[in-house]
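> Okay, here's the structure, questions in a sec.
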Amino acid sequence: MKKLSIGLRLTLWYLAIFALGQIVFGAGMWLILRHNLYDLIDDGLEAQVDDLKNFLASQKPDASLAKLKEEVDEAYAIEHPGDYLEIHAENGELIYRSAFLKEHPLTVAPPPRGHEAIFRNRRFDHRPFRFMLLTLEASSHSYTIAMGAPADDVAETLTLFRFYLLLFAPLLLLVAAGGGYWLSRRALSPVDALVQSAREISGTNLSRRLQKLSTGDELQRLSDTLNEMLGRIEAAFQRIAQFTADASHELRTPVSLIRTEAELALRRSRGEDEYKESLRHILSEAERTTALIEQLLALARSDSGHETLQMQPVDLSAILRSVVNGWTQVATIRNLQFTANIDAHDSFVMGDDGMLRRVADVLLDNAFKYTPLSGSVSLSLEKKGESAWITVQDSGPGIAEQDLSRIFERFYRVDKARSRAQGGVGLGLAIAEWIVTQHRGSITVKSVPGHGATFHVQLPMLAAPVPNPQPA
Ligand code: ADP
């Protein structure tokens with residue numbers, strides 16, 4: 001079933017509440033009016049009863065009942081207050097009953113002696129009446145009295161009131177419904193504008209934004225937030241597009257090199273040594289391409305969030321010692337002075353063994369790549385507070401100030417030709433930074449051009465030493 005629009009739902013709710021309010025208000029007013037009108041009649045009845053009491057009190061206490069009947073007849077039979085009057089003596093004997101009550105007997109018993117008067121409504125011949133019933137004391141006798149009065153005015157006023165109420169309530173409701181719908185449409189019209197502009201945005205025009213609202217309310221906040229979100233999506237799109245373009249470019253270079261090498265080799269027949277040399281070139285380019293593809297895959301996996309790290313307590317000192325072993329041989333071959341200072345034992349961190357190795361490899365690989373022969377490279381591990389600090393320092397050319405903040409960007413290389421000649425594509429530090437961030441750590445670089453570069457990796461250590469450390 002199709003849901004009603006917010007505007008319509010708001011109007012219906014508004015109507016329901018308004019109608020309920022009208023019912024409560026109308027019923028309340030009707031009851032108050034009724035109460036006040038009957039109060040007026042009751043006041044009149046009380047005044048008449050007071051007169052009657054005075055009259056009874058003025059009778060001699062020892063006067064006979066017959067005498068009293070005569071007196072009452074004389075005083076009330078032709079007078080208006082006697083039209084709806086009934087008086088009984090203490091013993092129940094009737095003293096007076098008006099002609100009207102003879103025809104329309106009252107069936108209500110008056111309250112016993114000492115009790116408050118009671119008021120009752122009665123209808124005779126389709127006319128409303130109000131009666132006051134009480135037992136009163138006068139001249140040391142007690143009498144039960146029923147004194148009545150017609151209540152046509154009250155009934156008429158109440159009927160009229162109800163008529164106008166029922167006449168105007170639906171009209172008011174109609175006006176309220178129209179007003180409510182108009183108001184809700186007006187309040188929600190910016191939503192339509194937002195929907196319209198949102199429909200026009202797609203992957204090809206992500207620089208467009210939703211209509212800017214200046215309503216200063218929730219809708220403006222919504223449009224601002226959606227626009228900020230669009231900004232982030234656009235930036236992410238651009239990053240992906242840039243990454244794809246850079247990756248294709250990087251992949252094209254080795255592939256065309258392999259092709260050229262093969263074409264040249266096949267152009268004419270060559271000796272075995274020449275073929276071997278060509279194949280060696282092809283092999284080294286193929287290895288470089290494989291490494292590049294691996295790095296691209298690692299970054300793509302990290303972007304998609306599918307790269308899951310195997311986090312467990314690992315001893316950083318053990319990992320670094322094993323990494324250093326591999327690089328010591330390279331240092332000898334490349335005639336570099338390589339020192340490792342891993343005094344800090346049992347530096348346990350929550351981490352992925354393979355990924356942490358990769359970080360150390362990236363930093364050492366760069367240091368070895370960019371440091372000229374006879375230069376020096378050092379790696380150290382220190383514990384400071386609750387952190388483990390890995391420092392990789394070299395005596396290479398260093399990095400210029402303006403490049404320092406950019407070397408962690410993907411495909412960024414200070415000197416493209418040189419970096420490529422040394423096998424770099426500009427992804428190593430981007431991968432290292434991602435891994436360190438996943439370990440809730442940080443990676444920073446300091447360098448004075450011409451005086452080498454120093455990379456610091458900070459990783460949070462585990463509070464308590466782990467009894468059975470994983471072998472690194
Ligand atoms: P690459 O694979 O090109 O080394 P990286 O992401 O590891 O890519 O490094 C990015 C760039 O930062 C390198 O191309 C290089 O210009 C610069 N760089 C990194 N480490 C060093 C270093 N130790 N000394 C000098 N330059 C460095």
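Identifiers in the structure tokens: chain A, B, ... in order shown; residue index from 1 per chain; ligand index from 1 in order shown.
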Please identify every polymer residue within 6 Å of ligand 1, using only C-alpha atoms and all ligand atoms, and present the set as a VMD selection string.

chain A and resid 366 to 367 370 396 to 399 407 to 408 412 to 415 419 424 to 430 453

> Give me, as an mmCIF file with all heavy atoms, in the first residue's frame, all polymer residues having an atom no more than 12 Å from Ala27 of chain A, counting only C-alpha atoms and skipping those fewer than 5 positions away in the same chain.


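The result, written out as selection.cif:
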```cif
data_model
loop_
_atom_site.group_PDB
_atom_site.id
_atom_site.type_symbol
_atom_site.label_atom_id
_atom_site.label_comp_id
_atom_site.auth_asym_id
_atom_site.auth_seq_id
_atom_site.Cartn_x
_atom_site.Cartn_y
_atom_site.Cartn_z
ATOM 1 N N LEU A 20 -10.348 16.630 18.278
ATOM 2 C CA LEU A 20 -10.411 16.189 19.678
ATOM 3 C C LEU A 20 -10.501 17.405 20.593
ATOM 4 O O LEU A 20 -11.303 17.439 21.540
ATOM 5 C CB LEU A 20 -9.152 15.372 19.991
ATOM 6 C CG LEU A 20 -9.241 14.562 21.263
ATOM 7 C CD1 LEU A 20 -10.085 13.326 21.014
ATOM 8 C CD2 LEU A 20 -7.860 14.143 21.733
ATOM 9 N N GLY A 21 -9.688 18.417 20.285
ATOM 10 C CA GLY A 21 -9.698 19.649 21.071
ATOM 11 C C GLY A 21 -11.066 20.299 21.023
ATOM 12 O O GLY A 21 -11.599 20.749 22.051
ATOM 13 N N GLN A 22 -11.663 20.282 19.829
ATOM 14 C CA GLN A 22 -12.994 20.882 19.684
ATOM 15 C C GLN A 22 -14.026 20.134 20.520
ATOM 16 O O GLN A 22 -14.865 20.743 21.181
ATOM 17 C CB GLN A 22 -13.405 20.801 18.219
ATOM 18 C CG GLN A 22 -13.082 22.060 17.460
ATOM 19 C CD GLN A 22 -13.787 22.060 16.116
ATOM 20 O OE1 GLN A 22 -14.165 21.010 15.606
ATOM 21 N NE2 GLN A 22 -13.964 23.234 15.561
ATOM 22 N N ILE A 32 -20.363 23.595 31.538
ATOM 23 C CA ILE A 32 -20.260 24.790 32.400
ATOM 24 C C ILE A 32 -21.520 25.645 32.259
ATOM 25 O O ILE A 32 -22.115 26.098 33.249
ATOM 26 C CB ILE A 32 -18.996 25.616 32.023
ATOM 27 C CG1 ILE A 32 -17.737 24.837 32.421
ATOM 28 C CG2 ILE A 32 -19.013 26.978 32.688
ATOM 29 C CD1 ILE A 32 -16.457 25.448 31.908
ATOM 30 N N LEU A 33 -21.959 25.814 30.999
ATOM 31 C CA LEU A 33 -23.158 26.624 30.756
ATOM 32 C C LEU A 33 -24.363 26.006 31.454
ATOM 33 O O LEU A 33 -25.142 26.691 32.140
ATOM 34 C CB LEU A 33 -23.398 26.697 29.240
ATOM 35 C CG LEU A 33 -24.589 27.540 28.802
ATOM 36 C CD1 LEU A 33 -24.308 29.010 29.095
ATOM 37 C CD2 LEU A 33 -24.853 27.372 27.299
ATOM 38 N N ARG A 34 -24.484 24.691 31.303
ATOM 39 C CA ARG A 34 -25.615 23.970 31.899
ATOM 40 C C ARG A 34 -25.600 24.142 33.421
ATOM 41 O O ARG A 34 -26.627 24.458 34.036
ATOM 42 C CB ARG A 34 -25.479 22.494 31.526
ATOM 43 C CG ARG A 34 -26.591 21.604 31.998
ATOM 44 C CD ARG A 34 -26.367 20.211 31.420
ATOM 45 N NE ARG A 34 -27.378 19.288 31.862
ATOM 46 C CZ ARG A 34 -27.326 18.620 33.004
ATOM 47 N NH1 ARG A 34 -26.286 18.776 33.810
ATOM 48 N NH2 ARG A 34 -28.310 17.793 33.335
ATOM 49 N N LEU A 158 -29.530 25.654 26.045
ATOM 50 C CA LEU A 158 -28.570 24.562 25.825
ATOM 51 C C LEU A 158 -28.716 23.979 24.417
ATOM 52 O O LEU A 158 -27.728 23.662 23.760
ATOM 53 C CB LEU A 158 -28.767 23.460 26.875
ATOM 54 C CG LEU A 158 -28.254 23.799 28.283
ATOM 55 C CD1 LEU A 158 -28.589 22.683 29.249
ATOM 56 C CD2 LEU A 158 -26.750 24.042 28.265
ATOM 57 N N PHE A 161 -27.166 26.374 22.006
ATOM 58 C CA PHE A 161 -25.693 26.326 22.126
ATOM 59 C C PHE A 161 -25.157 25.110 21.359
ATOM 60 O O PHE A 161 -24.201 25.191 20.598
ATOM 61 C CB PHE A 161 -25.315 26.248 23.612
ATOM 62 C CG PHE A 161 -23.830 26.251 23.853
ATOM 63 C CD1 PHE A 161 -23.095 27.427 23.769
ATOM 64 C CD2 PHE A 161 -23.151 25.073 24.154
ATOM 65 C CE1 PHE A 161 -21.733 27.432 23.992
ATOM 66 C CE2 PHE A 161 -21.797 25.067 24.370
ATOM 67 C CZ PHE A 161 -21.083 26.253 24.289
ATOM 68 N N ARG A 162 -25.837 23.967 21.574
ATOM 69 C CA ARG A 162 -25.397 22.729 20.920
ATOM 70 C C ARG A 162 -25.525 22.853 19.405
ATOM 71 O O ARG A 162 -24.652 22.436 18.651
ATOM 72 C CB ARG A 162 -26.254 21.577 21.431
ATOM 73 C CG ARG A 162 -25.544 20.241 21.327
ATOM 74 C CD ARG A 162 -26.257 19.174 22.076
ATOM 75 N NE ARG A 162 -27.685 19.156 21.825
ATOM 76 C CZ ARG A 162 -28.621 18.929 22.748
ATOM 77 N NH1 ARG A 162 -28.258 18.708 23.994
ATOM 78 N NH2 ARG A 162 -29.896 18.943 22.457
ATOM 79 N N LEU A 165 -22.796 24.966 18.084
ATOM 80 C CA LEU A 165 -21.534 24.214 18.209
ATOM 81 C C LEU A 165 -21.393 23.213 17.062
ATOM 82 O O LEU A 165 -20.364 23.135 16.396
ATOM 83 C CB LEU A 165 -21.554 23.463 19.543
ATOM 84 C CG LEU A 165 -20.223 23.318 20.285
ATOM 85 C CD1 LEU A 165 -19.649 24.691 20.584
ATOM 86 C CD2 LEU A 165 -20.434 22.558 21.579
ATOM 87 N N LEU A 166 -22.482 22.471 16.817
ATOM 88 C CA LEU A 166 -22.440 21.450 15.764
ATOM 89 C C LEU A 166 -22.397 22.070 14.371
ATOM 90 O O LEU A 166 -21.898 21.465 13.433
ATOM 91 C CB LEU A 166 -23.657 20.517 15.883
ATOM 92 C CG LEU A 166 -23.644 19.641 17.137
ATOM 93 C CD1 LEU A 166 -24.898 18.792 17.214
ATOM 94 C CD2 LEU A 166 -22.407 18.737 17.148
ATOM 95 N N ALA A 169 -18.535 23.749 14.270
ATOM 96 C CA ALA A 169 -17.385 22.842 14.444
ATOM 97 C C ALA A 169 -16.890 22.285 13.106
ATOM 98 O O ALA A 169 -15.704 22.392 12.798
ATOM 99 C CB ALA A 169 -17.727 21.730 15.408
#
```

> Report as a compact mmCIF listing (two decimals) with N, CA and C atoms, in the first residue's frame: the residues of segment 314-344 of chain A with a DSSP assignment of alpha helix (DSSP H), based on the backbone of this structure.


```txt
# COMPACT_ATOMS: atom_id res chain seq x y z
N LEU A 316 57.59 -7.07 18.58
CA LEU A 316 58.14 -6.22 17.53
C LEU A 316 59.65 -6.41 17.40
N SER A 317 60.33 -6.60 18.56
CA SER A 317 61.79 -6.73 18.50
C SER A 317 62.18 -7.98 17.71
N ALA A 318 61.41 -9.07 17.91
CA ALA A 318 61.71 -10.32 17.19
C ALA A 318 61.48 -10.13 15.69
N ILE A 319 60.38 -9.44 15.34
CA ILE A 319 60.08 -9.21 13.92
C ILE A 319 61.22 -8.41 13.28
N LEU A 320 61.63 -7.32 13.95
CA LEU A 320 62.66 -6.45 13.35
C LEU A 320 63.99 -7.18 13.23
N ARG A 321 64.30 -8.01 14.22
CA ARG A 321 65.57 -8.75 14.16
C ARG A 321 65.61 -9.64 12.91
N SER A 322 64.47 -10.30 12.66
CA SER A 322 64.45 -11.18 11.49
C SER A 322 64.50 -10.38 10.19
N VAL A 323 63.86 -9.19 10.17
CA VAL A 323 63.92 -8.34 8.96
C VAL A 323 65.36 -7.88 8.73
N VAL A 324 66.01 -7.46 9.82
CA VAL A 324 67.38 -6.93 9.73
C VAL A 324 68.32 -7.98 9.16
N ASN A 325 68.13 -9.25 9.54
CA ASN A 325 68.98 -10.34 9.04
C ASN A 325 69.05 -10.34 7.52
N GLY A 326 67.87 -10.22 6.89
CA GLY A 326 67.80 -10.23 5.43
C GLY A 326 68.54 -9.04 4.83
N TRP A 327 68.37 -7.88 5.44
CA TRP A 327 68.95 -6.66 4.87
C TRP A 327 70.46 -6.55 5.11
N THR A 328 71.00 -7.28 6.07
CA THR A 328 72.44 -7.20 6.36
C THR A 328 73.24 -7.67 5.15
N GLN A 329 72.72 -8.74 4.50
CA GLN A 329 73.42 -9.26 3.32
C GLN A 329 73.38 -8.23 2.18
N VAL A 330 72.22 -7.62 2.00
CA VAL A 330 72.09 -6.61 0.93
C VAL A 330 73.08 -5.48 1.17
N ALA A 331 73.23 -5.09 2.45
CA ALA A 331 74.13 -3.99 2.79
C ALA A 331 75.56 -4.35 2.39
N THR A 332 75.93 -5.61 2.64
CA THR A 332 77.28 -6.05 2.29
C THR A 332 77.49 -5.95 0.79
N ILE A 333 76.48 -6.48 0.04
CA ILE A 333 76.60 -6.45 -1.43
C ILE A 333 76.70 -5.00 -1.92
```

> Looking at A:Arg209, A:Pro61, A:Gly180, A:Phe124, which one is nearest to Ala16 of chain A, with distances taken over only C-alpha atoms?

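Looking at the shortest contact to Ala16 of chain A, the residue is A:Gly180.
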
> Have a look at A:Ile293, A:Ile95, A:Leu251, A:Ser140 and name the one nearest to Glu70 of chain A; count only C-alpha atoms.

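Ranking A:Ile293, A:Ile95, A:Leu251, A:Ser140 by distance to Glu70 of chain A, first place goes to A:Ile95.
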
> Excluding Gly178 of chain A and its own-chain neighbours fewer than 6 positions away, which residues fall within 10 Å of it when counting only C-alpha atoms? Please give them as a PyMOL selection string.

chain A and resi 11+15+172

> Here is a test: counting only C-alpha atoms, which residue of A:Ala300, A:Ile87, A:Val448, A:Ala432 is nearest to Thr244 of chain A?

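The shortest atom-to-atom distance to Thr244 of chain A comes from A:Ala300.
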
> Between atom CA of Asp303 of chain A and atom CA of Thr225 of chain A, what is the spacing in Å?

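According to the coordinates, atom CA of Thr225 of chain A and atom CA of Asp303 of chain A are separated by 23.6 Å.
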
> Out of segment 86-192 of chain A, which residues get strand (DSSP E or B) from DSSP, as a VMD selection string?

chain A and resid 86 to 88 94 to 97 118 to 124 127 to 138 141 to 150

> Only N, CA and C atoms, please: the residues just picked out, written as a compact mmCIF listing (two decimals), in the first residue's frame.


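Once written, result.txt looks like this:
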```
# COMPACT_ATOMS: atom_id res chain seq x y z
N GLU A 86 -45.35 21.07 46.81
CA GLU A 86 -45.96 19.95 47.53
C GLU A 86 -45.39 19.98 48.94
N ILE A 87 -46.32 19.96 49.97
CA ILE A 87 -45.83 20.00 51.36
C ILE A 87 -46.45 18.83 52.11
N HIS A 88 -45.61 18.09 52.83
CA HIS A 88 -46.12 17.02 53.69
C HIS A 88 -45.76 17.32 55.13
N LEU A 94 -50.46 14.83 53.75
CA LEU A 94 -50.31 15.89 52.73
C LEU A 94 -50.92 17.20 53.24
N ILE A 95 -50.11 18.30 53.16
CA ILE A 95 -50.62 19.61 53.57
C ILE A 95 -51.03 20.40 52.33
N TYR A 96 -50.19 20.29 51.32
CA TYR A 96 -50.52 21.04 50.09
C TYR A 96 -49.93 20.32 48.88
N ARG A 97 -50.70 20.28 47.76
CA ARG A 97 -50.16 19.76 46.50
C ARG A 97 -50.81 20.57 45.38
N ILE A 118 -31.96 18.32 47.96
CA ILE A 118 -31.51 17.73 46.69
C ILE A 118 -32.29 18.37 45.55
N PHE A 119 -31.62 18.37 44.36
CA PHE A 119 -32.25 18.98 43.18
C PHE A 119 -32.42 17.90 42.12
N ARG A 120 -33.60 17.86 41.53
CA ARG A 120 -33.87 16.84 40.51
C ARG A 120 -34.52 17.46 39.28
N ASN A 121 -34.13 16.93 38.11
CA ASN A 121 -34.77 17.38 36.87
C ASN A 121 -35.84 16.36 36.48
N ARG A 122 -36.99 16.87 36.03
CA ARG A 122 -38.09 15.99 35.61
C ARG A 122 -38.70 16.53 34.33
N ARG A 123 -39.23 15.62 33.51
CA ARG A 123 -39.92 16.10 32.30
C ARG A 123 -41.38 15.70 32.41
N PHE A 124 -42.25 16.67 32.27
CA PHE A 124 -43.69 16.40 32.24
C PHE A 124 -44.24 17.02 30.97
N ARG A 127 -42.01 18.88 28.80
CA ARG A 127 -41.42 20.15 29.27
C ARG A 127 -40.46 19.82 30.43
N PRO A 128 -39.33 20.51 30.48
CA PRO A 128 -38.39 20.23 31.56
C PRO A 128 -38.72 21.05 32.83
N PHE A 129 -38.53 20.40 33.97
CA PHE A 129 -38.75 21.09 35.26
C PHE A 129 -37.58 20.76 36.18
N ARG A 130 -37.39 21.67 37.13
CA ARG A 130 -36.34 21.42 38.13
C ARG A 130 -37.00 21.49 39.49
N PHE A 131 -36.74 20.51 40.34
CA PHE A 131 -37.36 20.47 41.67
C PHE A 131 -36.30 20.48 42.76
N MET A 132 -36.68 21.22 43.84
CA MET A 132 -35.80 21.21 45.02
C MET A 132 -36.55 20.42 46.09
N LEU A 133 -35.92 19.44 46.67
CA LEU A 133 -36.56 18.60 47.68
C LEU A 133 -35.77 18.69 48.97
N LEU A 134 -36.50 18.94 50.06
CA LEU A 134 -35.79 19.06 51.35
C LEU A 134 -36.77 18.84 52.50
N THR A 135 -36.21 18.65 53.67
CA THR A 135 -37.02 18.58 54.90
C THR A 135 -36.63 19.78 55.73
N LEU A 136 -37.61 20.62 56.07
CA LEU A 136 -37.23 21.83 56.83
C LEU A 136 -37.99 21.90 58.16
N GLU A 137 -37.40 22.66 59.05
CA GLU A 137 -37.95 22.83 60.41
C GLU A 137 -38.59 24.22 60.50
N ALA A 138 -39.78 24.26 60.98
CA ALA A 138 -40.41 25.56 61.20
C ALA A 138 -41.43 25.43 62.32
N HIS A 141 -41.99 22.20 64.07
CA HIS A 141 -42.49 21.08 63.24
C HIS A 141 -41.54 20.88 62.10
N SER A 142 -41.55 19.67 61.56
CA SER A 142 -40.73 19.52 60.35
C SER A 142 -41.64 19.13 59.18
N TYR A 143 -41.30 19.65 58.01
CA TYR A 143 -42.11 19.47 56.80
C TYR A 143 -41.21 18.99 55.67
N THR A 144 -41.76 18.12 54.84
CA THR A 144 -40.99 17.77 53.62
C THR A 144 -41.61 18.57 52.48
N ILE A 145 -40.70 19.21 51.76
CA ILE A 145 -41.12 20.16 50.73
C ILE A 145 -40.59 19.73 49.37
N ALA A 146 -41.38 19.89 48.35
CA ALA A 146 -40.89 19.79 46.97
C ALA A 146 -41.32 21.07 46.27
N MET A 147 -40.33 21.85 45.86
CA MET A 147 -40.63 23.14 45.21
C MET A 147 -40.04 23.08 43.81
N GLY A 148 -40.87 23.35 42.78
CA GLY A 148 -40.37 23.21 41.40
C GLY A 148 -40.46 24.48 40.59
N ALA A 149 -39.82 24.47 39.46
CA ALA A 149 -39.88 25.60 38.53
C ALA A 149 -39.63 25.07 37.12
N PRO A 150 -40.29 25.67 36.11
CA PRO A 150 -40.03 25.21 34.74
C PRO A 150 -38.61 25.55 34.30
```

> Under the rule that only C-alpha atoms are counted, which of A:Asp361, A:Glu156, A:Glu234, A:Asp50 is the nearest residue to Gly203 of chain A?

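Among A:Asp361, A:Glu156, A:Glu234, A:Asp50, it is A:Glu234 that comes nearest to Gly203 of chain A.
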